[in-house]
Every structure is written in C-alpha cells, then in structure tokens.
$ cat protein_38.cif   # mmCIF, C-alpha atoms
data_target
loop_
_atom_site.group_PDB
_atom_site.id
_atom_site.type_symbol
_atom_site.label_atom_id
_atom_site.label_comp_id
_atom_site.auth_asym_id
_atom_site.auth_seq_id
_atom_site.Cartn_x
_atom_site.Cartn_y
_atom_site.Cartn_z
ATOM 1 C CA MET A 161 -25.731 -34.607 -25.139
ATOM 2 C CA LEU A 162 -28.346 -32.972 -22.950
ATOM 3 C CA LEU A 163 -31.776 -32.020 -24.295
ATOM 4 C CA ALA A 164 -34.355 -29.959 -22.433
ATOM 5 C CA PRO A 165 -37.587 -28.121 -23.278
ATOM 6 C CA SER A 166 -36.620 -24.864 -21.548
ATOM 7 C CA TRP A 167 -33.623 -22.774 -20.534
ATOM 8 C CA SER A 168 -34.093 -23.425 -16.818
ATOM 9 C CA ALA A 169 -34.462 -27.184 -17.354
ATOM 10 C CA LEU A 170 -31.210 -27.319 -19.335
ATOM 11 C CA GLN A 171 -29.334 -25.244 -16.751
ATOM 12 C CA HIS A 172 -30.609 -27.663 -14.096
ATOM 13 C CA LEU A 173 -29.326 -30.641 -16.150
ATOM 14 C CA ILE A 174 -25.940 -28.940 -16.606
ATOM 15 C CA ASN A 175 -25.708 -28.390 -12.849
ATOM 16 C CA LEU A 176 -26.580 -32.051 -12.192
ATOM 17 C CA LEU A 177 -24.022 -33.198 -14.764
ATOM 18 C CA TYR A 178 -21.310 -31.128 -13.110
ATOM 19 C CA LYS A 179 -22.270 -32.335 -9.633
ATOM 20 C CA PHE A 180 -22.348 -36.041 -10.482
ATOM 21 C CA ALA A 181 -19.251 -35.854 -12.685
ATOM 22 C CA GLY A 182 -17.371 -34.605 -9.628
ATOM 23 C CA ILE A 183 -18.707 -37.481 -7.530
ATOM 24 C CA ILE A 184 -17.302 -40.078 -9.955
ATOM 25 C CA ASP A 185 -14.055 -38.109 -10.321
ATOM 26 C CA MET A 186 -14.667 -36.807 -13.858
ATOM 27 C CA THR A 187 -14.391 -33.258 -15.171
ATOM 28 C CA CYS A 188 -16.386 -31.277 -17.731
ATOM 29 C CA ASN A 189 -14.478 -29.187 -20.268
ATOM 30 C CA ALA A 190 -16.415 -25.916 -20.616
ATOM 31 C CA THR A 191 -14.307 -24.819 -23.601
ATOM 32 C CA LYS A 192 -15.434 -27.850 -25.637
ATOM 33 C CA THR A 193 -19.058 -27.760 -24.472
ATOM 34 C CA VAL A 194 -21.470 -25.881 -26.751
ATOM 35 C CA CYS A 195 -25.188 -25.054 -26.865
ATOM 36 C CA VAL A 196 -27.511 -25.276 -29.865
ATOM 37 C CA VAL A 197 -31.023 -23.815 -29.963
ATOM 38 C CA PHE A 198 -33.371 -25.959 -32.057
ATOM 39 C CA HIS A 199 -36.135 -23.745 -33.376
ATOM 40 C CA PRO A 200 -39.732 -24.991 -33.307
ATOM 41 C CA VAL A 201 -41.461 -26.085 -36.502
ATOM 42 C CA TYR A 202 -44.063 -23.332 -36.224
ATOM 43 C CA LYS A 203 -42.414 -19.974 -36.922
ATOM 44 C CA ARG A 204 -44.733 -18.040 -34.600
ATOM 45 C CA LYS A 205 -43.189 -19.860 -31.620
ATOM 46 C CA VAL A 206 -39.608 -18.827 -32.463
ATOM 47 C CA LEU A 207 -37.771 -16.838 -29.818
ATOM 48 C CA SER A 208 -34.942 -14.517 -30.661
ATOM 49 C CA ASP A 209 -31.564 -16.156 -30.028
ATOM 50 C CA MET A 210 -30.447 -12.968 -28.330
ATOM 51 C CA CYS A 211 -32.981 -13.237 -25.495
ATOM 52 C CA LEU A 212 -31.530 -16.441 -24.042
ATOM 53 C CA PRO A 213 -29.089 -15.961 -21.186
ATOM 54 C CA HIS A 214 -25.818 -17.864 -21.265
ATOM 55 C CA PHE A 215 -25.626 -21.264 -19.678
ATOM 56 C CA LEU A 216 -23.028 -21.720 -16.957
ATOM 57 C CA LEU A 217 -20.821 -24.740 -16.363
ATOM 58 C CA ASN A 218 -18.664 -24.351 -13.267
ATOM 59 C CA GLY A 219 -19.028 -20.583 -13.522
ATOM 60 C CA MET A 220 -17.922 -20.449 -17.177
ATOM 61 C CA HIS A 221 -20.222 -19.284 -19.977
ATOM 62 C CA LEU A 222 -21.023 -21.878 -22.642
ATOM 63 C CA ARG A 223 -21.022 -20.600 -26.221
ATOM 64 C CA PHE A 224 -23.934 -20.919 -28.656
ATOM 65 C CA VAL A 225 -23.319 -22.452 -32.102
ATOM 66 C CA THR A 226 -25.552 -23.272 -35.079
ATOM 67 C CA LYS A 227 -23.908 -26.641 -35.785
ATOM 68 C CA PHE A 228 -21.483 -29.068 -34.175
ATOM 69 C CA LYS A 229 -20.011 -32.521 -34.708
ATOM 70 C CA TYR A 230 -21.373 -35.279 -32.458
ATOM 71 C CA LEU A 231 -20.295 -38.918 -32.772
ATOM 72 C CA GLY A 232 -18.972 -38.262 -36.269
ATOM 73 C CA HIS A 233 -22.105 -36.540 -37.592
ATOM 74 C CA ILE A 234 -22.767 -32.840 -38.052
ATOM 75 C CA ILE A 235 -25.901 -31.682 -36.227
ATOM 76 C CA ASN A 236 -27.364 -28.279 -37.056
ATOM 77 C CA ASN A 237 -30.206 -26.223 -35.624
ATOM 78 C CA LYS A 238 -32.349 -26.513 -38.782
ATOM 79 C CA PHE A 239 -33.128 -30.261 -38.463
ATOM 80 C CA THR A 240 -31.462 -31.005 -41.805
ATOM 81 C CA ASP A 241 -28.581 -33.279 -42.679
ATOM 82 C CA ASP A 242 -27.251 -31.034 -45.464
ATOM 83 C CA ASP A 243 -23.986 -30.255 -43.642
ATOM 84 C CA ASP A 244 -23.399 -33.928 -42.887
ATOM 85 C CA MET A 245 -24.120 -34.928 -46.511
ATOM 86 C CA LYS A 246 -21.671 -32.279 -47.809
ATOM 87 C CA ARG A 247 -19.011 -33.603 -45.434
ATOM 88 C CA GLU A 248 -19.607 -37.181 -46.635
ATOM 89 C CA MET A 249 -19.439 -36.138 -50.310
ATOM 90 C CA ARG A 250 -16.150 -34.291 -49.706
ATOM 91 C CA ASN A 251 -14.736 -37.374 -47.989
ATOM 92 C CA MET A 252 -15.912 -39.589 -50.865
ATOM 93 C CA PHE A 253 -14.182 -37.386 -53.474
ATOM 94 C CA ILE A 254 -10.998 -37.319 -51.402
ATOM 95 C CA ARG A 255 -10.919 -41.125 -51.240
#

$ encode --input "protein_38.cif" --output "structure tokens"
Amino acid sequence: MLLAPSWSALQHLINLLYKFAGIIDMTCNATKTVCVVFHPVYKRKVLSDMCLPHFLLNGMHLRFVTKFKYLGHIINNKFTDDDDMKREMRNMFIR
C-alpha cells in the first residue's frame, strides 16, 4: 500500500516501486493494482474525481475504485468500516 499527499508524489512512489521491484527481480501486476482517492474531512477541499489523471505503472493505466480488500479487510474512500462490518456479519450468518 502506497500513500501520498498529492498525485505527483504518488506517481513518484509508483515509479520507485517499479524500479526497485525490478532490481530485486520482482514484478508488479498492473491489473491487480488499484487507486483510491480519500477525500478530505472538510468538504470545501474536495477535488472532483474526474480531474485526476491516471497513474501509470510500467506504461499501463491503473484503475480508480471506491473500495478494495487489503489484508482481509475492506477499505473504502469514506473512512468508514461499514463494508467490512457487513462482510463480517454475512460470514457470521454463513457459519
């Protein structure tokens, strides 16, 4: 997971990740890599999601999502754990 305060900082981190992964003989899967924009607490600082350019990993565009699963937990762009709690309740009823 990479976190950065700006678009350019995150693109720089993605480039570093790709560079150093190649040095240690690892690869990055651009089809499984996603981007999430976490909106600021103060609504007046919110940018439109449409104004962000795509991030590139080895020349491939990374897709934007509103939620994803990371280490078994669902992380969303609203800073809530509602999706994760729903998943846990479903699993509890199944068991």

$ resolve_selection --input "protein_38.cif" --expression "the PyMOL selection byres ((chain A and resi 242-252) around 12)" --output "PyMOL selection string"
chain A and resi 226-241+253-255

$ residues_around --input "protein_38.cif" --residues "His214 (chain A)" --least-positions-apart "6" --cutoff "10 Å" --atoms "all atoms listed in the file" --output "tab-separated table (two decimals) with C-alpha atoms, keeping the file's coordinate frame"
chain	number	residue	atom	x	y	z
A	167	TRP	CA	-33.62	-22.77	-20.53
A	171	GLN	CA	-29.33	-25.24	-16.75
A	195	CYS	CA	-25.19	-25.05	-26.86
A	220	MET	CA	-17.92	-20.45	-17.18
A	221	HIS	CA	-20.22	-19.28	-19.98
A	222	LEU	CA	-21.02	-21.88	-22.64
A	223	ARG	CA	-21.02	-20.60	-26.22
A	224	PHE	CA	-23.93	-20.92	-28.66

$ residues_around --input "protein_38.cif" --residues "region 162-164 of chain A" --least-positions-apart "4" --cutoff "8 Å" --atoms "all atoms listed in the file" --output "list in words"
Ala169, Leu170, Leu173 and Ile174 of chain A

$ atom_distance --input "protein_38.cif" --atom1 "CA of Ser166 (chain A)" --atom2 "CA of Leu216 (chain A)"
14.7 Å
